[in-house]
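Enquirer: Let me give you the structure first, and then I'll get to my questions.
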Number of protein chains: 2
Amino acid sequence: MDTILAAIKKDAVNIFTEETLTEKLRSGRKLIIKLGADPNRPDLHLGHTVVLRKLKLFQELGHSVVFVIGDFTGMIGDPSGKSKARPALTIEETRKSGQSYFEQVTKILDPEKTRIEYNSTWLSRMNFEDVIKLASKYTLARMLERDDFKNRYQNEAPISLHELLYPLVQGYDSVALNADIEIGGTDQTFNLLVGRNLQSHYNQEPQVVMTFPLLVGLDGKEKMSKSLDNYIGISEPANIMFEKCMKVPDDLMLDYFVLTTDITKDEAQQILGGDIRSAHFEYARIITTMYHDADSARKAKERYMQLAKGTTPDDIKTLTFDDDSADIITLLKFAGFAQSSSEARRQVTGNGVKINGEVVKDVYMQVDISDGVVLQFGKNRIIKIVNKE
Amino acid sequence: MDTILAAIKKDAVNIFTEETLTEKLRSGRKLIIKLGADPNRPDLHLGHTVVLRKLKLFQELGHSVVFVIGDFTGMIGDPSGKSKARPALTIEETRKSGQSYFEQVTKILDPEKTRIEYNSTWLSRMNFEDVIKLASKYTLARMLERDDFKNRYQNEAPISLHELLYPLVQGYDSVALNADIEIGGTDQTFNLLVGRNLQSHYNQEPQVVMTFPLLVGLDGKEKMSKSLDNYIGISEPANIMFEKCMKVPDDLMLDYFVLTTDITKDEAQQILGGDIRSAHFEYARIITTMYHDADSARKAKERYMQLAKGTTPDDIKTLTFDDDSADIITLLKFAGFAQSSSEARRQVTGNGVKINGEVVKDVYMQVDISDGVVLQFGKNRIIKIVNKE
């Protein structure tokens, strides 16, 4: 039991409270472990795996993991109409997100012990009276303790009243699930504690809250996130995954080893005691093997070394395009180099894109592919595109 | 038209805005004039008549008056459970309140042009999503401009989040009714303006808000209210009404004349230029005639003068009680001297109650009424209670 407890507590920044965590684990009950999930289509990366790997441990102990897709507020969007960046999602979009979460998290988690729930299931059934009762459980002063609200209030930046309800929405999810434990990054501490607090008000045993460190991204500055393009996605192709692992800043290597692999701190320090490039190779090998396999990791390393020497890899991939011409943005997305048109445009304006070795200057460039072209982004992403005829 | 406008604006403290008030009145449309009403059983007093008399004027101009009974929040009560003074009302209680409002206000207003609405009709249909959209229309900073919230926030007294929703509830009533004008006391200014503001957000023409002075009660200090027992109720018996009018503090007589009767300020000043006791008699006569009739006013005056001379009035009323004994609290309520047991207890502990001329000292006193007793409260309320056998 002590070994189990130590494994579960490992790397946690805060636990509210350790005593109740121990009690719950000792109770022999099958516990419900909650994790809140964004209703937008996810692209899970190594940052997410810090908690996912912890959830896996709970599953191995027989407990059940529930991902709560926050579709209720997602479908409302931004009702104040101020933020164009938050359009209302359709129910189909949120269901696709849920499906995609399931597919991605089960690369790590046991699908049998993983459940996806949509919080609209219970929240859309609540009426005005229920909302008033929910809101009565929390004071304004406590809500304004949340850092972002506090800062905005002090700086006289407007806070719409509905925003004060959102942490309650999220917290109520714990009540609806009767969650035993909720896990999240340290930036979620306030929200997770709201759930804990509300459960007491609804006469439930309050959930244990465990927070874990945020993985810093490849830029070495910000928390890893897709929007900052400083991430290593767990569904990325082996070659790209390997290559990105080689770019982890030296001073973050220890964190990456400890938080994202099974390597212990002692082992990691030993690896890092030697040549730093070898440490990177070892890290890239471990990660690529975890999310692909040993063979893919080996090939990705070979390719990486060829490219590093400046030679064109032998295994250049060929894709067949339906038409005999296309604009450069379409091709970058088709090749999988960009996830969106805006990302593709940034790749071109950053002078990172080449057609047959020539840098592309024009985001509107129309490319003739009747004889086939070699499309390249950065040093390492190269693809041949041919017409189907 | 100018005469009408002047009559409507008379005594108003603030009008948001005079221009739109004029426009609406000139439009020729039948306007909807809203007044918010407490869901607790009302006992309307002269303080209420300040706005009721203004509503009457609107009715005379052909407009429609709607009393909105705030039953939605009344039925929720105090969800935080902190205030025992605010128990949740049943739907029957709120319907009785509505009926009682109608009966009392139609002493002044035209029943044909007076409508009672219950805000639960529209509010109980709202779901969580509707509430979030409603709450998104208002910022925290604006809500904290309300004096009581501001003071509590600054004094670090807790404000529950649901309390911030209540002004929105009240404001949304204006949206549901598509109100043209809302009238209230100056203490309601903030709430009335919320309605005005929300209507714009829901693409309605914002209501005109008119606020009127609060009538100071018989204590000469606080706003007239039943709970402070400084009121003259419009449904009180003629004798009591007359007697209470005689107690209006001298320095408030001008306000009482101007705000609660049809006497103009000039006429009132002329009356008050003479003997102040005569002015009180005139005021008492006018009010008692308004809410009863000239004959009752005359009789009430005779009785008042007899009592003032120390003689027992001839017309002492006799009530028959079912049993041959009862406790003093029951008798005070039976006689109609007290509305509640707590009021009766205060009457006894204040040494104001006599049985057969003897002051009652004991709130638990058991009174033998087999031979009949004379029950007296204060100088002027005297009743004979006899046993039915």
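Following the order of the structure tokens, first chain is A, next is B, and so on, with residues numbered from 1 inside each chain and ligands from 1 in the order they appear.
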List as an MDAnalysis selection string the protein and nucleic acid residues near A:Phe102, meaning an atom at most 9 Å away when only C-alpha atoms are counted, but skip any in the same chain fewer than 5 places from it.

Expert: chainID A and resid 67 97 107 111 114:116

Enquirer: For chain A, work out the contacting residues on chain B at 8 Å, counting only C-alpha atoms, and write them as a PyMOL selection string.

Expert: chain B and resi 76+79-80+123-129+131-141+153+156+158-165

Enquirer: Could you pull the residues within 8 Å of stretch 248-251 of chain B, counting only C-alpha atoms, minus those fewer than 5 positions along the same chain, as a PyMOL selection string?

Expert: chain B and resi 217-220+276+280

Enquirer: Can you pull out every residue within 9 Å of A:Phe212, counting only C-alpha atoms, but drop anything in the same chain fewer than 4 positions away, and send it as a count of residues only?

Expert: 10

Enquirer: Among stretch 49-230 of chain A, which ones does DSSP place in alpha helix (DSSP H), written as a ChimeraX atom specification?

Expert: /A:49-60,71-76,91-105,120-123,128-135,140-143,147-154,161-177,189-201

Enquirer: If you run DSSP on this backbone, which residues of stretch 44-213 of chain B come out as strand (DSSP E), and could you give them as a PyMOL selection string?

Expert: chain B and resi 64-69+114-118+181-185+208-212

Enquirer: Rounded to one decimal in Å, what is the spacing between atom CA of B:Glu222 and atom CA of B:Asp262?

Expert: 23.9 Å

Enquirer: At what distance in Å, to one decimal, does atom CA of B:Gln170 lie from atom CA of B:Asp148?

Expert: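 Here the two named atoms are 16.2 Å from each other.
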
Enquirer: Excluding stretch 190-207 of chain A and its own-chain neighbours fewer than 3 positions away, which residues fall within 8 Å of it when counting only C-alpha atoms? Please give them as a list in words.

Expert: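 Residues meeting the cut-off are Lys137, Arg146, Pro167, Leu168, Gln170, Gly171, Tyr172, Asp173, Ser174, Val175, Asn178, Ala179, Asp180, Ile181, Glu182, Ile183, Gly184 and Asp187 of chain A.
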
Enquirer: I'd like the contact shell of B:Arg26 - 10 Å cut-off, only C-alpha atoms, skipping same-chain residues fewer than 6 positions apart - returned as an NGL selection string.

Expert: :B and (1 or 5 or 20)

Enquirer: Rank B:Lys34, B:Lys24, B:Lys354, B:Arg345 by their smallest atom-to-atom distance to B:Val374, using only C-alpha atoms, and report the top residue only.

Expert: B:Lys354
